[in-house]
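A.B. asks: Can you read through this structure? Questions will come right after.
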Amino acid sequence: MRQRDDQIHDFQVFIDGKWTPSASGQTFESQDPFTAKTWARIPRCGAEDVDRAVTAARTALESGPWAAMHPTQRGLLLRRLADLIARDADHLAFTEVRDNGKLWAEMRGQCGYIPQWFHYFGGLADKVEGAVLPIDKPDMFTYTRHEPVGVVAAITPWNSPLLLLTWKMAPALAAGCTMVIKPSEFTSASTLELMRLVEEAGFPSGVINVVTGFGAEVGAALVSHPGVDKIAFTGGEGSGRAIAKTAADTFKRLTLELGGKSAQVIFPDAKLESAVRGVVSGIFAASGQTCIAGSRVIVHESVHDQFVEEFKKLASTARMGDPLDTATQVGPVTTPPQFQRILDCIDMARTGGATCVMGGGRATRPECGDGWFIEPTVFTGVTGDMAIAKTEVFGPVLSIMTFSEEEEAWRLANDTPYGLAAGVWTQDQKRMFTAAKKLRAGMIWTNCYRTVSYMSPFGGFKASGQGRESGQEAIREYLETKAVWIDY
Ligand code: NAD
């Protein structure tokens, strides 16, 4: 098992190819969610740092080696970065476990898989093709060309810092954009560690810059900066709305990956054991702090009791504890405000009339130490009108509802402002295709849950956002199309 040291590590930001403190010299602290102790000091950037970073990104976009670089060469740089990430996967994973409290096993797996995004989009870099149009005008030659959208502000949340950054970086760089990245104030360290590899891979100065600090300070300065052409944001609905309003003032391009309240629909013909395993991992992985958490189960009334019993049996075996221990299955919550928010949501469910059949509070087991742990929690008797059925908890809290008719299941599943993901458990093939049509969500998982790939688009309907990350669609989010007309 990897060991923590008890030092406080000092980080600098990466602007225009140089490591530097913030312009003000101020810093803030980052806590390890398992020990609840400060482990890192991060520069507290502001508008001046943003201006330097955006200027560097714009200069790199418009002149110098990146602007002149053939897409094939850009692709090779991305692939070189992929190889360096694979080489340093242990270190990146360890950094994120300390900052975020994610399980070592999950993080090590993630850091082993992240290079695939850089390989995939590195491969796409020189396959962005325009078209010659068979235009309806005589003596006109008309074609399209695709150009990088420009300087991208990439803003990421704390729950999966490296993965969600990768989903932006790989397609943006493949498209030829330059970037200013703003990680969450709770988890900046792994993004800064990644910049060491960006430097080693040989990306020209200014192509990728990182500023760190608070959303209301450096984040707000970044999204309102006139030198930014596009914002790629992952985070909460409230921040997303504020950012969309700011972006509207200057018509910046926008990708939003926001929250969810995803349903898992269980039909009587489902293989119950698989469904139980899928729902347990769907809600308790990363202590429920995933945007795709399957936080609402909609189970047929005829299998409800059996489902709840088997679910409790499996979930109660989950081992909580130090995320660095490979035997741990449920780790701490990442931040104190999130910890409190989850407890508030549990109270809200109780006062709303739901029945708590498992967990329901802070975990005080000795193996949880001083960490911010919540017991895996399950509510039954939830109805569509309860606040717990509509509110994103972003924690290990499952709401169970019942249905009797198929149409009712689709209606309940769609009865949410969100539309990120949905799971369906059935052996009926016709129903699998019906589910794919009826459910209003960006990802529909059938007899599985939480699978993602660099090849498959990821993103939401409704309040879950706009645009897609991963897959071929993602690179288009970072391109503008020009129609060129020549009268010959
Ligand atoms: P958050 O919105 O509080 O913060 C996200 C990022 O935005 C942080 O870097 C923050 O500093 C920055 N920020 C906040 N306000 C800003 C502003 N006004 N201007 C510019 N930047 C600002 O979200 P969080 O608490 O870090 O993350 C949790 C949320 O993220 C959840 O709602 C979750 O569902 C969502 N999420 C969505 C996806 C997805 O792909 N759909 C993935 C992971 C997380």
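FYI, nothing fancy with the structure tokens labels: chains A, B, ... in order, residues from 1 per chain, ligands from 1 as they appear.
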Residues of chain A that have any atom at most 8 Å from an atom of ligand 1: could you tabulate them with the shortest-distance atom pair and the distance in Å to one decimal, using only C-alpha atoms and all ligand atoms, ordered by chain and increasing number, as a Markdown table?
C.D. replies:
| residue | atom | partner | partner_atom_place_in_ligand_line | distance |
| --- | --- | --- | --- | --- |
| A:Ile155 | CA | ligand 1 | 9 (O) | 5.2 |
| A:Thr156 | CA | ligand 1 | 9 (O) | 4.7 |
| A:Pro157 | CA | ligand 1 | 26 (O) | 3.4 |
| A:Trp158 | CA | ligand 1 | 26 (O) | 4.6 |
| A:Asn159 | CA | ligand 1 | 43 (C) | 6.0 |
| A:Ser160 | CA | ligand 1 | 43 (C) | 6.5 |
| A:Leu164 | CA | ligand 1 | 42 (C) | 6.8 |
| A:Lys182 | CA | ligand 1 | 9 (O) | 5.8 |
| A:Pro183 | CA | ligand 1 | 9 (O) | 4.7 |
| A:Ser184 | CA | ligand 1 | 9 (O) | 3.3 |
| A:Glu185 | CA | ligand 1 | 11 (O) | 5.6 |
| A:Phe186 | CA | ligand 1 | 26 (O) | 7.7 |
| A:Gly213 | CA | ligand 1 | 11 (O) | 6.9 |
| A:Phe214 | CA | ligand 1 | 11 (O) | 4.9 |
| A:Gly215 | CA | ligand 1 | 11 (O) | 3.3 |
| A:Ala216 | CA | ligand 1 | 18 (N) | 5.1 |
| A:Glu217 | CA | ligand 1 | 19 (N) | 7.7 |
| A:Val218 | CA | ligand 1 | 20 (C) | 7.2 |
| A:Gly219 | CA | ligand 1 | 20 (C) | 3.5 |
| A:Ala220 | CA | ligand 1 | 19 (N) | 3.8 |
| A:Ala221 | CA | ligand 1 | 20 (C) | 7.4 |
| A:Leu222 | CA | ligand 1 | 20 (C) | 6.8 |
| A:Val223 | CA | ligand 1 | 20 (C) | 5.9 |
| A:Phe233 | CA | ligand 1 | 7 (O) | 7.0 |
| A:Thr234 | CA | ligand 1 | 37 (C) | 5.2 |
| A:Gly235 | CA | ligand 1 | 30 (O) | 3.1 |
| A:Gly236 | CA | ligand 1 | 32 (O) | 3.4 |
| A:Glu237 | CA | ligand 1 | 32 (O) | 5.8 |
| A:Gly238 | CA | ligand 1 | 2 (O) | 6.5 |
| A:Ser239 | CA | ligand 1 | 15 (N) | 4.5 |
| A:Gly240 | CA | ligand 1 | 2 (O) | 6.5 |
| A:Ala242 | CA | ligand 1 | 18 (N) | 5.5 |
| A:Ile243 | CA | ligand 1 | 19 (N) | 5.5 |
| A:Leu256 | CA | ligand 1 | 41 (N) | 7.4 |
| A:Glu257 | CA | ligand 1 | 41 (N) | 3.6 |
| A:Leu258 | CA | ligand 1 | 41 (N) | 4.1 |
| A:Gly259 | CA | ligand 1 | 34 (O) | 3.1 |
| A:Gly260 | CA | ligand 1 | 34 (O) | 5.5 |
| A:Gln289 | CA | ligand 1 | 33 (C) | 7.4 |
| A:Thr290 | CA | ligand 1 | 43 (C) | 5.7 |
| A:Cys291 | CA | ligand 1 | 34 (O) | 3.7 |
| A:Ile292 | CA | ligand 1 | 41 (N) | 7.2 |
| A:Gln338 | CA | ligand 1 | 25 (O) | 7.7 |
| A:Glu392 | CA | ligand 1 | 32 (O) | 7.1 |
| A:Phe394 | CA | ligand 1 | 31 (C) | 6.5 |
| A:Leu420 | CA | ligand 1 | 41 (N) | 6.7 |
| A:Phe458 | CA | ligand 1 | 40 (O) | 7.2 |
| A:Gly459 | CA | ligand 1 | 41 (N) | 6.1 |
| A:Gly460 | CA | ligand 1 | 41 (N) | 6.7 |
| A:Ser464 | CA | ligand 1 | 41 (N) | 6.1 |
| A:Gly465 | CA | ligand 1 | 41 (N) | 6.8 |
A.B. asks: For N, CA and C atoms, I'd like the residues from the last selection saved as a compact mmCIF listing (two decimals), in the first residue's frame.
C.D. replies:
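Output file part_4.txt is given in full below:
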# COMPACT_ATOMS: atom_id res chain seq x y z
N ILE A 155 -12.93 24.27 -17.56
CA ILE A 155 -13.19 24.39 -16.11
C ILE A 155 -13.71 23.05 -15.60
N THR A 156 -13.03 22.51 -14.60
CA THR A 156 -13.35 21.14 -14.17
C THR A 156 -13.77 21.08 -12.70
N PRO A 157 -14.54 20.05 -12.33
CA PRO A 157 -14.99 19.89 -10.94
C PRO A 157 -14.01 19.03 -10.14
N TRP A 158 -14.37 18.78 -8.88
CA TRP A 158 -13.44 18.04 -8.01
C TRP A 158 -13.63 16.53 -8.06
N ASN A 159 -14.71 16.05 -8.68
CA ASN A 159 -15.02 14.63 -8.46
C ASN A 159 -14.19 13.68 -9.32
N SER A 160 -13.73 14.14 -10.49
CA SER A 160 -12.86 13.30 -11.33
C SER A 160 -11.94 14.22 -12.13
N LEU A 164 -11.98 14.14 -16.34
CA LEU A 164 -12.84 15.15 -16.96
C LEU A 164 -12.02 16.21 -17.68
N LYS A 182 -8.79 25.59 -15.63
CA LYS A 182 -9.04 26.00 -14.23
C LYS A 182 -9.63 24.81 -13.49
N PRO A 183 -8.78 24.06 -12.74
CA PRO A 183 -9.33 22.93 -11.98
C PRO A 183 -10.09 23.41 -10.76
N SER A 184 -10.82 22.51 -10.13
CA SER A 184 -11.55 22.85 -8.91
C SER A 184 -10.58 23.26 -7.80
N GLU A 185 -11.00 24.21 -6.99
CA GLU A 185 -10.18 24.66 -5.86
C GLU A 185 -9.94 23.53 -4.85
N PHE A 186 -10.77 22.48 -4.91
CA PHE A 186 -10.60 21.37 -3.96
C PHE A 186 -9.58 20.34 -4.46
N GLY A 213 -7.45 28.31 -8.30
CA GLY A 213 -8.09 29.22 -7.35
C GLY A 213 -9.59 29.01 -7.33
N PHE A 214 -10.29 30.02 -6.86
CA PHE A 214 -11.73 29.88 -6.59
C PHE A 214 -12.59 30.25 -7.78
N GLY A 215 -13.75 29.59 -7.86
CA GLY A 215 -14.65 29.81 -8.98
C GLY A 215 -15.06 31.27 -9.11
N ALA A 216 -15.41 31.89 -7.97
CA ALA A 216 -15.92 33.27 -8.02
C ALA A 216 -14.81 34.27 -8.34
N GLU A 217 -13.55 33.85 -8.21
CA GLU A 217 -12.45 34.79 -8.49
C GLU A 217 -11.84 34.46 -9.85
N VAL A 218 -10.94 33.48 -9.86
CA VAL A 218 -10.22 33.19 -11.10
C VAL A 218 -11.16 32.57 -12.16
N GLY A 219 -12.13 31.77 -11.71
CA GLY A 219 -13.06 31.15 -12.66
C GLY A 219 -13.89 32.22 -13.38
N ALA A 220 -14.43 33.15 -12.59
CA ALA A 220 -15.26 34.21 -13.18
C ALA A 220 -14.43 35.09 -14.10
N ALA A 221 -13.17 35.37 -13.72
CA ALA A 221 -12.30 36.20 -14.58
C ALA A 221 -12.03 35.49 -15.90
N LEU A 222 -11.89 34.19 -15.82
CA LEU A 222 -11.59 33.42 -17.04
C LEU A 222 -12.78 33.39 -18.00
N VAL A 223 -13.97 33.10 -17.48
CA VAL A 223 -15.11 32.96 -18.41
C VAL A 223 -15.53 34.31 -19.00
N PHE A 233 -17.14 23.41 -19.78
CA PHE A 233 -17.35 23.40 -18.33
C PHE A 233 -17.94 22.08 -17.87
N THR A 234 -17.42 21.52 -16.80
CA THR A 234 -18.09 20.43 -16.09
C THR A 234 -18.24 20.85 -14.64
N GLY A 235 -19.46 20.75 -14.12
CA GLY A 235 -19.68 21.13 -12.73
C GLY A 235 -21.15 21.19 -12.42
N GLY A 236 -21.49 21.94 -11.40
CA GLY A 236 -22.86 22.00 -10.91
C GLY A 236 -23.76 22.86 -11.79
N GLU A 237 -25.06 22.62 -11.61
CA GLU A 237 -26.07 23.31 -12.42
C GLU A 237 -26.03 24.83 -12.20
N GLY A 238 -25.87 25.24 -10.93
CA GLY A 238 -25.87 26.67 -10.60
C GLY A 238 -24.69 27.38 -11.26
N SER A 239 -23.49 26.80 -11.14
CA SER A 239 -22.31 27.41 -11.77
C SER A 239 -22.49 27.40 -13.28
N GLY A 240 -23.03 26.30 -13.81
CA GLY A 240 -23.24 26.20 -15.26
C GLY A 240 -24.15 27.31 -15.77
N ALA A 242 -24.65 30.27 -14.32
CA ALA A 242 -23.94 31.56 -14.22
C ALA A 242 -22.96 31.69 -15.39
N ILE A 243 -22.28 30.62 -15.71
CA ILE A 243 -21.28 30.66 -16.79
C ILE A 243 -21.97 30.86 -18.14
N LEU A 256 -21.45 22.25 -21.84
CA LEU A 256 -21.79 22.15 -20.42
C LEU A 256 -22.05 20.69 -20.06
N GLU A 257 -21.30 20.20 -19.09
CA GLU A 257 -21.56 18.85 -18.55
C GLU A 257 -21.97 19.06 -17.10
N LEU A 258 -23.27 18.92 -16.82
CA LEU A 258 -23.77 19.32 -15.50
C LEU A 258 -24.22 18.10 -14.69
N GLY A 259 -25.23 18.29 -13.87
CA GLY A 259 -25.58 17.25 -12.91
C GLY A 259 -26.52 16.19 -13.45
N GLY A 260 -26.98 15.34 -12.55
CA GLY A 260 -27.89 14.27 -12.95
C GLY A 260 -28.71 13.74 -11.78
N GLN A 289 -20.33 10.24 -5.66
CA GLN A 289 -19.96 11.56 -6.18
C GLN A 289 -19.62 11.49 -7.66
N THR A 290 -20.56 10.95 -8.43
CA THR A 290 -20.39 10.95 -9.88
C THR A 290 -21.65 11.54 -10.49
N CYS A 291 -21.46 12.25 -11.60
CA CYS A 291 -22.62 12.89 -12.23
C CYS A 291 -23.59 11.84 -12.74
N ILE A 292 -23.07 10.64 -13.04
CA ILE A 292 -23.93 9.59 -13.59
C ILE A 292 -24.44 8.64 -12.50
N GLN A 338 -19.49 19.30 0.84
CA GLN A 338 -20.27 18.22 0.21
C GLN A 338 -20.76 17.23 1.27
N GLU A 392 -30.28 16.43 -6.92
CA GLU A 392 -29.02 15.70 -7.04
C GLU A 392 -28.30 15.75 -5.69
N PHE A 394 -25.38 13.85 -4.97
CA PHE A 394 -23.94 13.72 -5.21
C PHE A 394 -23.27 13.07 -3.99
N LEU A 420 -29.10 12.95 -17.82
CA LEU A 420 -27.73 12.55 -18.14
C LEU A 420 -27.64 11.08 -18.54
N PHE A 458 -20.51 11.25 -24.60
CA PHE A 458 -20.95 11.38 -23.21
C PHE A 458 -21.50 12.79 -23.04
N GLY A 459 -22.73 12.89 -22.51
CA GLY A 459 -23.30 14.22 -22.29
C GLY A 459 -24.78 14.09 -22.03
N GLY A 460 -25.41 15.22 -21.69
CA GLY A 460 -26.78 15.12 -21.20
C GLY A 460 -27.83 15.87 -21.98
N SER A 464 -28.94 18.62 -17.71
CA SER A 464 -27.66 17.94 -17.57
C SER A 464 -26.60 18.50 -18.53
N GLY A 465 -27.00 19.46 -19.36
CA GLY A 465 -25.97 20.14 -20.13
C GLY A 465 -26.21 20.17 -21.62
A.B. asks: Go through range 235-330 of chain A and flag each residue having an atom no more than 12 Å from range 139-151 of chain A; for those, report the closest pair of atoms plus their distance in Å to one decimal, using only C-alpha atoms, ordered by chain and rising number, as a tab-separated table.
C.D. replies:
residue	atom	partner	partner_atom	distance
A:Lys252	CA	A:Val149	CA	9.9
A:Arg253	CA	A:Val149	CA	8.2
A:Leu254	CA	A:Val149	CA	10.8
A.B. asks: Go ahead and save the residues from that selection, with N, CA and C atoms, as a short mmCIF file (atom, residue, chain, number, x, y, z; two decimals), in the first residue's frame.
C.D. replies:
data_model
loop_
_atom_site.label_atom_id
_atom_site.label_comp_id
_atom_site.auth_asym_id
_atom_site.auth_seq_id
_atom_site.Cartn_x
_atom_site.Cartn_y
_atom_site.Cartn_z
N LYS A 252 -19.64 33.44 -26.50
CA LYS A 252 -18.61 32.40 -26.49
C LYS A 252 -19.27 31.06 -26.76
N ARG A 253 -18.55 30.19 -27.44
CA ARG A 253 -19.04 28.82 -27.64
C ARG A 253 -19.04 28.13 -26.27
N LEU A 254 -19.91 27.13 -26.11
CA LEU A 254 -20.10 26.57 -24.78
C LEU A 254 -20.41 25.07 -24.82
#
A.B. asks: In Å, rounded to a single decimal, give me how far CA of Phe379 in chain A is from CA of Ile346 in chain A.
C.D. replies: 9.0 Å
A.B. asks: Contacts of range 20-22 of chain A at 7 Å or less, counting only C-alpha atoms, minus same-chain residues fewer than 6 places along, as a PyMOL selection string?
C.D. replies: chain A and resi 12-14+43-45+49
A.B. asks: For Arg362 in chain A, find every residue with an atom within 7 Å (counting only C-alpha atoms), except residues of its own chain fewer than 6 positions away, and show them as an MDAnalysis selection string.
C.D. replies: chainID A and resid 373:375
A.B. asks: Taking the DSSP secondary structure from the backbone, can you list the residues of range 145-325 of chain A that are strand (DSSP E or B), as a PyMOL selection string?
C.D. replies: chain A and resi 145-148+151-155+178-182+208-210+230-234+253-257+263-266+296-300+320
A.B. asks: Can you tell me, as a list of chain:residue names, what residues are no more than 9 Å from Ser190 in chain A when counting only C-alpha atoms, ignoring any on the same chain fewer than 5 positions away?
C.D. replies: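 Residues meeting the cut-off are A:Leu92, A:Ala93, A:Phe94, A:Thr95, A:Glu96, A:Asp99, A:Pro161, A:Leu162, A:Met195.
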A.B. asks: For a quick check of understanding, using only C-alpha atoms, which of A:Pro138, A:Gly109, A:Gly75, A:Pro226 has the smallest distance to Gly122 in chain A?
C.D. replies: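 Smallest distance to Gly122 in chain A is found for A:Gly75.
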